[in-house]
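Data block for final-v1.txt (compact mmCIF, C-alpha atoms):
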```
# COMPACT_ATOMS: atom_id res chain seq x y z
CA MET A 873 146.21 84.22 301.75
CA LYS A 874 147.08 86.45 304.70
CA LYS A 875 149.18 84.91 307.45
CA MET A 876 147.70 85.15 310.92
CA ARG A 877 150.69 83.86 312.91
CA ALA A 878 154.19 85.04 312.03
CA ASN A 879 156.19 83.05 314.58
CA ALA A 880 154.58 79.63 314.11
CA ALA A 881 156.11 76.16 313.94
CA GLY A 882 154.80 72.74 312.92
CA ILE A 883 155.84 69.40 314.40
CA ASP A 884 155.29 65.91 313.02
CA ILE A 885 155.61 63.27 315.76
CA GLY A 886 156.75 59.69 315.22
CA ALA A 887 157.80 56.79 317.41
CA LYS A 888 161.54 57.45 317.03
CA HIS A 889 161.85 61.03 315.74
CA ILE A 890 160.03 64.35 315.69
CA PHE A 891 160.34 66.74 312.73
CA VAL A 892 160.25 70.47 313.46
CA SER A 893 159.50 72.97 310.70
CA LEU A 894 159.98 76.76 310.90
CA GLU A 895 159.25 79.23 308.14
CA ASN A 896 162.21 79.67 305.77
CA LYS A 897 164.30 77.23 307.82
CA ASP A 898 165.50 73.71 307.18
CA VAL A 899 163.54 71.02 308.98
CA ARG A 900 165.24 69.90 312.21
CA VAL A 901 165.00 66.30 313.41
CA PHE A 902 165.08 65.33 317.10
CA GLU A 903 164.85 61.96 318.83
CA THR A 904 161.92 61.12 321.07
CA PHE A 905 163.87 60.98 324.33
CA THR A 906 163.01 63.50 327.05
CA GLU A 907 166.40 65.20 326.68
CA SER A 908 165.76 65.59 322.94
CA PHE A 909 162.33 67.08 323.62
CA ARG A 910 163.98 69.71 325.83
CA GLU A 911 166.51 70.43 323.06
CA ALA A 912 163.61 70.94 320.63
CA SER A 913 161.96 73.31 323.11
CA SER A 914 165.17 75.35 323.48
CA TYR A 915 165.57 75.47 319.69
CA LEU A 916 162.04 76.84 319.22
CA LEU A 917 162.55 79.49 321.88
CA SER A 918 165.92 80.52 320.43
CA GLU A 919 164.25 81.08 317.05
CA GLY A 920 161.59 83.33 318.55
CA ILE A 921 158.72 80.88 318.05
CA GLU A 922 155.55 81.74 319.96
CA THR A 923 153.09 79.06 318.85
CA VAL A 924 153.44 75.42 317.80
CA ALA A 925 151.03 72.99 316.14
CA MET A 926 151.35 69.19 316.32
CA GLU A 927 149.18 66.23 315.44
CA ALA A 928 147.50 64.13 318.11
CA THR A 929 149.45 60.95 317.30
CA GLY A 930 148.57 58.15 319.73
CA VAL A 931 150.15 58.95 323.11
CA TYR A 932 153.45 60.17 321.64
CA TRP A 933 152.42 63.82 321.91
CA ILE A 934 151.70 63.92 325.66
CA ILE A 935 155.16 64.56 327.14
CA LEU A 936 156.26 66.84 324.29
CA TYR A 937 153.09 68.86 324.78
CA GLU A 938 153.80 69.22 328.51
CA ILE A 939 157.41 70.28 327.95
CA LEU A 940 156.57 72.86 325.28
CA GLU A 941 153.67 74.27 327.28
CA SER A 942 155.80 74.56 330.44
CA ALA A 943 158.36 76.51 328.34
CA GLY A 944 155.73 79.19 327.68
CA LEU A 945 154.83 78.26 324.11
CA ASP A 946 151.25 78.34 322.83
CA VAL A 947 150.84 74.68 321.86
CA TRP A 948 148.06 73.60 319.51
CA LEU A 949 147.15 69.94 319.45
CA VAL A 950 145.26 69.31 316.20
CA ASP A 951 143.31 66.46 314.68
CA GLY A 952 145.20 64.55 311.98
CA ARG A 953 142.17 64.80 309.67
CA GLN A 954 142.81 68.53 309.36
CA THR A 955 146.41 68.06 308.14
CA ARG A 956 145.94 65.48 305.38
CA GLN A 957 148.53 65.83 302.63
CA VAL A 958 147.99 65.66 298.88
CA PRO A 959 148.12 61.96 297.81
CA GLY A 960 151.58 60.87 296.61
CA ARG A 961 153.43 63.65 298.44
CA LYS A 962 153.55 62.37 301.99
CA THR A 963 156.79 62.29 303.97
CA ASP A 964 157.55 63.23 307.57
CA VAL A 965 159.44 66.33 306.39
CA LYS A 966 156.59 67.51 304.15
CA ASP A 967 154.06 66.75 306.89
CA CYS A 968 155.67 69.08 309.42
CA GLN A 969 156.06 71.79 306.76
CA TRP A 970 152.40 71.44 305.80
CA ILE A 971 151.33 71.66 309.46
CA GLN A 972 153.43 74.81 309.86
CA GLN A 973 151.83 76.42 306.80
CA LEU A 974 148.29 75.58 307.87
CA HIS A 975 148.93 76.86 311.40
CA SER A 976 150.51 80.11 310.24
CA HIS A 977 147.44 80.83 308.08
CA GLY A 978 145.01 80.00 310.91
CA LEU A 979 143.48 76.96 309.19
CA LEU A 980 143.71 74.55 312.12
CA ASN A 981 141.38 74.03 315.07
CA ARG A 982 142.71 73.29 318.53
CA CYS A 983 141.83 69.95 320.14
CA PHE A 984 140.48 69.80 323.67
CA VAL A 985 143.23 69.06 326.19
CA PRO A 986 142.14 68.83 329.85
CA ASP A 987 144.07 70.31 332.75
CA ALA A 988 146.45 68.25 334.89
CA GLN A 989 143.81 67.40 337.49
CA VAL A 990 141.38 65.96 334.92
CA LYS A 991 144.23 64.17 333.14
CA GLU A 992 145.04 62.31 336.35
CA VAL A 993 141.41 61.33 336.94
CA ARG A 994 141.14 60.27 333.29
CA ALA A 995 144.23 58.06 333.56
CA TYR A 996 142.88 56.18 336.59
CA GLN A 997 139.33 55.95 335.19
CA ARG A 998 140.40 54.64 331.78
CA LEU A 999 142.68 52.12 333.46
CA ARG A 1000 139.75 51.04 335.61
CA GLU A 1001 137.58 50.56 332.52
CA ASP A 1002 140.30 48.43 330.93
CA HIS A 1003 140.44 46.25 334.06
CA LEU A 1004 136.64 45.88 334.02
CA ARG A 1005 136.73 44.64 330.43
CA THR A 1006 139.50 42.16 331.22
CA ALA A 1007 137.70 40.97 334.36
CA SER A 1008 134.53 40.35 332.31
CA MET A 1009 136.63 38.30 329.88
CA HIS A 1010 137.76 36.10 332.77
CA VAL A 1011 134.11 35.73 333.85
CA ASN A 1012 133.39 34.35 330.37
CA HIS A 1013 136.31 31.96 330.78
CA MET A 1014 134.90 30.75 334.11
CA GLN A 1015 131.53 30.13 332.48
CA LYS A 1016 133.17 28.26 329.62
CA SER A 1017 135.23 26.00 331.89
CA LEU A 1018 132.15 25.19 333.99
CA ILE A 1019 130.12 24.30 330.89
CA GLU A 1020 132.96 22.10 329.64
CA MET A 1021 132.45 20.09 332.86
CA ASN A 1022 128.63 20.36 332.36
CA ILE A 1023 128.21 22.42 335.53
CA ARG A 1024 125.30 24.64 334.48
CA LEU A 1025 125.53 27.46 337.01
CA LYS A 1026 125.07 30.01 334.23
CA GLU A 1027 121.55 28.70 333.60
CA VAL A 1028 120.37 28.85 337.23
CA LEU A 1029 122.23 31.85 338.67
CA SER A 1030 121.82 35.39 337.40
CA GLN A 1031 125.59 35.98 337.77
CA VAL A 1032 128.32 33.38 337.98
CA HIS A 1033 130.56 36.06 339.49
CA GLY A 1034 128.01 36.96 342.17
CA ALA A 1035 128.48 36.08 345.84
CA SER A 1036 126.82 32.66 345.56
CA GLY A 1037 128.54 31.76 342.29
CA LEU A 1038 132.02 32.69 343.53
CA ALA A 1039 131.45 30.81 346.80
CA ILE A 1040 130.60 27.65 344.82
CA ILE A 1041 133.60 28.07 342.50
CA GLU A 1042 135.96 28.57 345.45
CA ALA A 1043 134.60 25.41 347.10
CA ILE A 1044 134.96 23.40 343.88
CA LEU A 1045 138.57 24.54 343.50
CA SER A 1046 139.17 23.55 347.15
CA GLY A 1047 138.05 19.99 346.35
CA GLU A 1048 134.37 19.98 347.33
CA ARG A 1049 132.16 17.85 345.06
CA ASP A 1050 129.03 17.27 347.19
CA ALA A 1051 126.16 19.15 345.52
CA GLN A 1052 124.28 19.57 348.80
CA LYS A 1053 127.24 21.22 350.49
CA LEU A 1054 127.79 23.45 347.48
CA LEU A 1055 124.10 24.43 347.57
CA SER A 1056 124.44 25.39 351.23
CA LEU A 1057 126.92 28.11 350.20
CA CYS A 1058 124.27 29.93 348.15
CA HIS A 1059 122.14 32.81 349.37
CA SER A 1060 119.00 31.85 351.28
CA SER A 1061 116.69 33.13 348.50
CA ILE A 1062 118.40 30.81 346.01
CA ARG A 1063 118.11 27.83 348.38
CA GLU A 1064 114.41 28.55 348.87
CA LYS A 1065 113.43 29.11 345.22
CA LYS A 1066 115.95 27.22 343.09
CA ALA A 1067 117.30 24.41 345.26
CA SER A 1068 116.34 21.57 342.91
CA GLN A 1069 117.63 23.40 339.82
CA VAL A 1070 120.95 24.26 341.47
CA LEU A 1071 121.43 20.62 342.55
CA LYS A 1072 120.89 19.47 338.97
CA ALA A 1073 123.24 22.15 337.65
CA LEU A 1074 125.99 21.09 340.11
CA SER A 1075 125.85 17.47 339.01
CA GLY A 1076 128.75 17.83 336.60
CA TYR A 1077 131.52 15.74 335.08
CA TYR A 1078 134.76 17.02 336.60
CA THR A 1079 137.96 16.86 334.54
CA GLU A 1080 141.53 17.83 335.34
CA ALA A 1081 141.75 20.17 332.36
CA GLY A 1082 138.41 21.80 333.19
CA LEU A 1083 139.40 22.42 336.82
CA PHE A 1084 142.74 23.88 335.73
CA ALA A 1085 141.00 26.26 333.28
CA LEU A 1086 138.51 27.24 336.00
CA GLU A 1087 141.32 27.98 338.46
CA GLN A 1088 143.18 30.08 335.88
CA ALA A 1089 140.07 32.13 335.06
CA TYR A 1090 139.15 32.56 338.72
CA SER A 1091 142.65 33.73 339.63
CA GLY A 1092 142.65 36.20 336.74
CA TYR A 1093 139.25 37.55 337.78
CA LYS A 1094 140.32 38.03 341.41
CA PHE A 1095 143.54 39.73 340.29
CA TYR A 1096 141.73 42.29 338.15
CA LYS A 1097 139.20 42.93 340.90
CA GLN A 1098 142.18 43.92 343.09
CA GLN A 1099 143.46 46.16 340.30
CA ILE A 1100 140.06 47.84 340.09
CA GLN A 1101 140.10 48.46 343.85
CA ALA A 1102 143.56 50.02 343.53
CA CYS A 1103 142.24 52.39 340.84
CA ASP A 1104 139.30 53.28 343.09
CA HIS A 1105 141.75 54.10 345.88
CA LYS A 1106 143.74 56.43 343.59
CA LEU A 1107 140.53 58.12 342.37
CA GLU A 1108 139.45 58.69 345.96
CA GLU A 1109 142.86 60.21 346.76
CA VAL A 1110 142.48 62.68 343.87
CA MET A 1111 138.96 63.63 344.97
CA LYS A 1112 140.10 64.28 348.53
CA ARG A 1113 143.08 66.33 347.36
CA VAL A 1114 140.99 68.46 345.01
CA ASN A 1115 138.36 69.16 347.68
CA ASN A 1116 140.81 69.60 350.61
CA TYR A 1117 138.90 66.82 352.32
CA ASP A 1118 141.53 65.97 354.94
CA SER A 1119 142.53 69.55 355.83
CA ASP A 1120 139.30 71.57 355.60
CA MET A 1121 136.69 70.50 358.15
CA GLN A 1122 133.94 72.59 356.51
CA SER A 1123 134.58 70.96 353.15
CA LYS A 1124 134.56 67.52 354.78
CA ASN A 1125 131.22 68.18 356.46
CA GLU A 1126 129.69 69.43 353.18
CA ILE A 1127 130.79 66.30 351.34
CA GLU A 1128 129.65 63.86 354.03
CA SER A 1129 126.26 65.56 354.40
CA VAL A 1130 125.22 64.59 350.85
CA LYS A 1131 122.73 61.73 351.07
CA ASP A 1132 120.08 59.91 348.99
CA ARG A 1133 122.00 59.52 345.75
CA LYS A 1134 120.83 57.53 342.72
CA PRO A 1135 121.81 53.87 343.07
CA VAL A 1136 124.69 52.62 340.90
CA ARG A 1137 123.69 49.16 339.68
CA HIS A 1138 126.87 47.94 338.00
CA ASN A 1139 130.61 48.38 338.62
CA LYS A 1140 130.13 50.89 341.43
CA PRO A 1141 133.45 52.51 342.44
CA ASP A 1142 134.57 51.91 346.01
CA ILE A 1143 134.82 55.64 346.78
CA ASP A 1144 133.32 57.05 349.96
CA HIS A 1145 130.96 59.98 349.38
CA LEU A 1146 131.52 60.03 345.61
CA GLY A 1147 128.41 62.15 345.03
CA GLY A 1148 129.51 64.68 347.66
CA HIS A 1149 132.96 64.98 346.09
CA LEU A 1150 131.51 65.58 342.61
CA LEU A 1151 129.02 68.16 343.88
CA LYS A 1152 131.87 70.00 345.60
CA ILE A 1153 133.99 69.96 342.42
CA PHE A 1154 131.09 71.26 340.29
CA SER A 1155 130.07 73.92 342.85
CA GLY A 1156 126.74 72.31 343.68
CA LYS A 1157 125.57 71.60 340.12
CA ASP A 1158 124.13 68.09 340.25
CA ALA A 1159 124.26 66.15 336.99
CA THR A 1160 122.35 63.23 338.53
CA CYS A 1161 119.14 65.27 338.21
CA LEU A 1162 119.34 64.42 334.51
CA PRO A 1163 117.77 61.11 333.43
CA GLY A 1164 120.11 58.12 333.30
CA ILE A 1165 123.10 59.82 334.95
CA THR A 1166 124.38 58.36 338.22
CA ASP A 1167 127.42 59.39 340.27
CA TYR A 1168 129.49 56.79 338.42
CA THR A 1169 128.52 57.97 334.92
CA TRP A 1170 129.06 61.54 336.13
CA LEU A 1171 132.58 60.54 337.20
CA GLN A 1172 133.15 59.05 333.74
CA LEU A 1173 131.99 62.26 332.05
CA TYR A 1174 134.14 64.37 334.36
CA SER A 1175 137.21 62.30 333.51
CA GLU A 1176 136.62 62.78 329.76
CA ILE A 1177 135.19 66.30 329.53
CA GLY A 1178 136.47 68.00 332.63
CA LEU A 1179 134.94 70.86 334.55
CA LYS A 1180 135.15 73.78 332.09
CA LEU A 1181 132.39 73.11 329.59
CA TYR A 1182 132.48 76.73 328.51
CA ASN A 1183 135.45 75.68 326.34
CA TRP A 1184 132.66 74.86 323.86
CA PRO A 1185 130.93 78.15 322.97
CA SER A 1186 127.53 76.56 322.43
CA GLU A 1187 125.66 73.32 322.83
CA LYS A 1188 126.06 72.76 319.08
CA HIS A 1189 129.85 72.96 319.35
CA PHE A 1190 129.70 70.54 322.28
CA THR A 1191 127.53 67.91 320.56
CA SER A 1192 129.58 68.21 317.36
CA TRP A 1193 132.78 67.51 319.33
CA LEU A 1194 131.08 64.50 320.92
CA GLY A 1195 130.27 63.11 317.47
CA LEU A 1196 126.53 63.31 318.14
CA SER A 1197 125.47 66.03 315.71
CA PRO A 1198 124.22 65.17 312.21
CA GLY A 1199 126.99 64.95 309.63
CA GLN A 1200 127.07 67.04 306.47
CA HIS A 1201 128.42 65.84 303.14
CA GLN A 1202 127.16 67.84 300.17
CA SER A 1203 128.38 67.46 296.60
CA GLY A 1204 126.49 69.37 293.94
CA LYS A 1205 122.78 68.71 294.39
CA LYS A 1206 123.34 65.63 296.53
CA ASN A 1207 123.38 65.87 300.30
CA LYS A 1208 124.62 62.56 301.64
CA THR A 1209 124.79 61.10 305.11
CA ARG A 1210 128.27 60.00 306.14
CA ASN A 1211 129.06 58.04 309.28
CA ARG A 1212 131.93 59.44 311.31
CA LYS A 1213 134.87 57.32 312.33
CA TYR A 1214 135.60 59.88 315.04
CA ARG A 1215 133.83 58.78 318.21
CA PRO A 1216 135.29 60.20 321.43
CA LYS A 1217 134.81 58.30 324.66
CA ALA A 1218 132.56 61.01 326.10
CA GLY A 1219 130.18 60.63 323.18
CA GLN A 1220 130.12 56.87 323.71
CA ILE A 1221 129.13 57.41 327.34
CA PHE A 1222 126.13 59.50 326.25
CA ARG A 1223 125.22 56.81 323.70
CA GLN A 1224 125.26 54.10 326.39
CA LEU A 1225 123.04 56.25 328.59
CA ALA A 1226 120.68 56.83 325.66
CA GLN A 1227 120.34 53.09 325.04
CA SER A 1228 119.21 52.53 328.63
CA LEU A 1229 116.82 55.51 328.47
CA ILE A 1230 115.13 54.14 325.35
CA GLU A 1231 114.29 51.01 327.35
CA SER A 1232 112.78 53.03 330.21
CA LYS A 1233 109.00 53.27 330.62
CA LYS A 1234 108.66 56.43 332.73
CA ILE A 1235 111.07 58.99 331.26
CA ALA A 1236 110.18 61.45 328.50
CA LEU A 1237 113.54 61.06 326.73
CA GLY A 1238 112.84 57.32 326.52
CA ALA A 1239 109.50 58.00 324.82
CA PHE A 1240 111.23 60.34 322.37
CA GLY A 1241 113.82 57.66 321.57
CA ARG A 1242 111.23 54.93 321.03
CA ARG A 1243 109.17 57.19 318.78
CA LEU A 1244 112.22 57.96 316.65
CA LYS A 1245 113.31 54.30 316.70
CA SER A 1246 110.02 53.22 315.13
CA LYS A 1247 110.52 55.72 312.27
CA ARG A 1248 114.27 55.87 311.65
CA GLY A 1249 115.78 52.80 313.31
CA PRO A 1250 117.78 52.16 316.51
CA GLY A 1251 121.03 53.81 315.38
CA ILE A 1252 119.55 57.23 314.66
CA ALA A 1253 117.30 57.01 317.73
CA THR A 1254 120.26 56.31 320.03
CA LYS A 1255 122.32 59.13 318.54
CA ALA A 1256 119.47 61.65 318.71
CA THR A 1257 118.61 60.73 322.31
CA ALA A 1258 122.27 60.94 323.28
CA ARG A 1259 122.47 64.38 321.69
CA LYS A 1260 119.45 65.62 323.66
CA LEU A 1261 121.00 64.34 326.89
CA ALA A 1262 124.35 65.99 326.05
CA VAL A 1263 122.58 69.31 325.40
CA LEU A 1264 120.89 69.08 328.80
CA TYR A 1265 124.27 68.34 330.42
CA TRP A 1266 125.91 71.36 328.73
CA ARG A 1267 123.06 73.67 329.70
CA LEU A 1268 123.20 72.51 333.30
CA MET A 1269 126.97 72.95 333.64
CA VAL A 1270 127.37 76.19 331.65
CA LYS A 1271 124.10 78.06 332.16
CA GLY A 1272 122.98 76.44 335.40
CA LEU A 1273 119.59 75.54 333.93
CA ASP A 1274 117.74 73.04 336.11
CA TYR A 1275 116.03 69.99 334.63
CA THR A 1276 112.71 68.61 335.80
CA GLU A 1277 111.54 65.20 334.63
CA LYS A 1278 107.87 65.60 333.67
CA GLY A 1279 107.36 62.00 332.61
CA ILE A 1280 105.96 60.30 329.53
CA LYS A 1281 102.44 61.71 330.01
CA ALA A 1282 103.64 65.31 329.66
CA TYR A 1283 105.68 64.34 326.60
CA GLU A 1284 102.68 62.66 324.95
CA GLU A 1285 100.50 65.71 325.66
CA LYS A 1286 103.14 67.93 324.05
CA MET A 1287 103.29 65.71 320.95
CA GLN A 1288 99.47 65.71 320.78
CA LEU A 1289 99.50 69.51 320.80
CA HIS A 1290 102.09 69.54 317.98
CA ARG A 1291 99.93 67.19 315.90
CA GLU A 1292 96.86 69.39 316.41
CA LYS A 1293 98.78 72.49 315.33
CA TRP A 1294 100.02 70.65 312.25
CA LEU A 1295 96.49 69.54 311.35
CA ILE A 1296 95.12 73.08 311.70
CA LYS A 1297 97.95 74.51 309.59
CA THR A 1298 97.58 71.86 306.87
CA ALA A 1299 93.80 72.28 306.71
CA LYS A 1300 94.18 76.06 306.41
CA GLU A 1301 96.65 75.67 303.53
CA LEU A 1302 94.15 73.41 301.72
CA GLY A 1303 91.27 75.82 302.28
CA TYR A 1304 89.48 73.84 304.97
CA GLU A 1305 88.53 74.71 308.50
CA LEU A 1306 88.63 72.13 311.26
CA GLU A 1307 85.77 71.84 313.69
CA GLN A 1308 86.08 69.88 316.89
CA ILE A 1309 83.21 67.44 317.45
CA PRO A 1310 82.64 66.35 321.06
CA ILE A 1311 82.81 62.58 321.53
```

Can the structure in the file be given as structure tokens, please?
Amino acid sequence: MKKMRANAAGIDIGAKHIFVSLENKDVRVFETFTESFREASSYLLSEGIETVAMEATGVYWIILYEILESAGLDVWLVDGRQTRQVPGRKTDVKDCQWIQQLHSHGLLNRCFVPDAQVKEVRAYQRLREDHLRTASMHVNHMQKSLIEMNIRLKEVLSQVHGASGLAIIEAILSGERDAQKLLSLCHSSIREKKASQVLKALSGYYTEAGLFALEQAYSGYKFYKQQIQACDHKLEEVMKRVNNYDSDMQSKNEIESVKDRKPVRHNKPDIDHLGGHLLKIFSGKDATCLPGITDYTWLQLYSEIGLKLYNWPSEKHFTSWLGLSPGQHQSGKKNKTRNRKYRPKAGQIFRQLAQSLIESKKIALGAFGRRLKSKRGPGIATKATARKLAVLYWRLMVKGLDYTEKGIKAYEEKMQLHREKWLIKTAKELGYELEQIPI
């Protein structure tokens, strides 16, 4: 096989050591300290290496990647599935040699690595998501401790961690036990519609252990809410820095003039003019015109995918990278369906949006998802709907194609037309001719 890259190296990364392989050279071993990474970079340059391939191993690769790239090397981050060794012959030394051979023959594909700006947004956004999950865990702990004292707020309030629920919990932890006084802390609509139910729910059996567990859960929830606000503050700083918000008055006016955005129902970031910032970053292309996408989900997609969607040559490349395209596993005459273990976060975001769209009653994509769900099941319906939404997103960001929601009626008319064409074609193949009879 012809070699495509003469000056290529392969690196296998571990927790304590990295193994560097060059063609016709002994494998060199370096420690994983920053100073050792710089020594490895100098060694590669001294040997005339121009390109390096390494596996995406956890988070170990990040700093090494930055150091090698800053040294002027063409660094390829590759998926570990592409570098699988022959069974029974796996060592760190053989791994790096195998990576070097594959890379020199051009048999590896480069992973997507965002630029520094997107990396920073991604770090804050992923940390925020982690805090949200931990905060929701503490909400469950609050509910559990209340139920253990037979305080049934969960059954009468839509959210225990809402304004009324937290006000009641704070009062209970302060020593208040009078149900009427606790009821007075609720919102007026709750007092008007659910007063008797709330009073019954607040008639609990207080215990020392239950109150201690409630206080622990409440303190944990408040702490992580503060952590989420800190992440929002850092995200807002990045947005302002990218858009020159504080130094460019014209840019500031453009961002602040953006109004009438889609409402964000859950976990809305505390970022002023988020929609205006995103529109400025994407040069006026508005992803919220697509069904299901709000400014918050757009921020999530930006943190995972970045701005340059032309890194994927086509919509098929894009949906395949997201893990949303149909898999292919053919052996002989059998063509099997294989579920992928690879599910990037961006693909999961599109799946979550698809699940909400399938429940909608006015959007054409929702009708498509429900139609497929009735035939193939919820899993395939969610994946197919997510793929359609991802295609629309790619077309909007790369080709600038606008999207207009025509509603379920237009979708049903289109499907009716397809059925009529199919009937005419089938009848013609069978030697019949259809005739429309007025009803």

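Neighbours of A:Phe1190 closer than or equal to 8 Å, with all atoms listed in the file counted and sequence neighbours fewer than 4 positions away skipped, come out as A:Trp1184, A:Pro1185, A:Ser1186, A:Leu1194, A:Ala1262, A:Val1263, A:Trp1266.
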
Distance query A:Ala1073 at most 8 Å, all atoms listed in the file, self and fewer than 2 positions along chain excluded, as a PyMOL selection string: chain A and resi 1022-1025+1027-1028+1069-1071+1075-1076

Answer as a PyMOL selection string, residues within 6 Å of (156.5, 81.9, 320.3) using all atoms listed in the file: chain A and resi 879+920-923+945

Contact residues around A:Gly1037 with all atoms listed in the file at 8 Å, ignoring same-chain residues under 6 positions, as a list of chain:residue names: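 The neighbour list is A:Leu1025, A:Leu1029, A:Gln1031, A:Cys1058.
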
Write the residues of the preceding selection, restricted to C-alpha atoms, as a PDB file, keeping the file's coordinate frame.
```pdb
ATOM      1  CA  LEU A1025     125.530  27.460 337.010  1.00  0.00           C
ATOM      2  CA  LEU A1029     122.230  31.850 338.670  1.00  0.00           C
ATOM      3  CA  GLN A1031     125.590  35.980 337.770  1.00  0.00           C
ATOM      4  CA  CYS A1058     124.270  29.930 348.150  1.00  0.00           C
TER       5      CYS A1058
END
```

Contact residues around A:Val990 with all atoms listed in the file at 6 Å, ignoring same-chain residues under 3 positions, as a list in words: Pro986, Asp987, Val993, Arg994, Ser1175 and Gly1178 of chain A

Using only C-alpha atoms, find each residue in stretch 1061-1089 of chain A having at least one atom no more than 9 Å away from stretch 1039-1044 of chain A; report its shortest atom-to-atom pair and that distance in Å (one decimal), rows by chain then rising number, as CSV.
```
residue,atom,partner,partner_atom,distance
A:Leu1083,CA,A:Ile1044,CA,8.4
A:Leu1086,CA,A:Ile1041,CA,8.2
A:Glu1087,CA,A:Ile1041,CA,8.7
```

Atomic separation - atom CA of A:Ile1221 relative to atom CA of A:Arg1248, Å: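 Computing the Euclidean distance for atom CA of A:Arg1248 and atom CA of A:Ile1221 yields 21.7 Å.
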
Selected residue, from A:Thr1191, A:Thr1160, A:Tyr1078, A:Met1009, that lies nearest to A:Arg1049 when counting all atoms listed in the file: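 Using all atoms listed in the file, A:Arg1049 sits closest to A:Tyr1078.
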
Residues within 10 Å of A:Gly944, only C-alpha atoms, excluding chain neighbours under 2 positions, as JSON, numbers by chain: {"A": [913, 917, 922, 923, 939, 940, 941, 942, 946, 947]}

Shortest interatomic distance to A:Glu1126 - which of A:Leu949, A:Met1269, A:Val899, A:Ile1153, counting only C-alpha atoms: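 For A:Glu1126, the nearest of the candidates is A:Ile1153.
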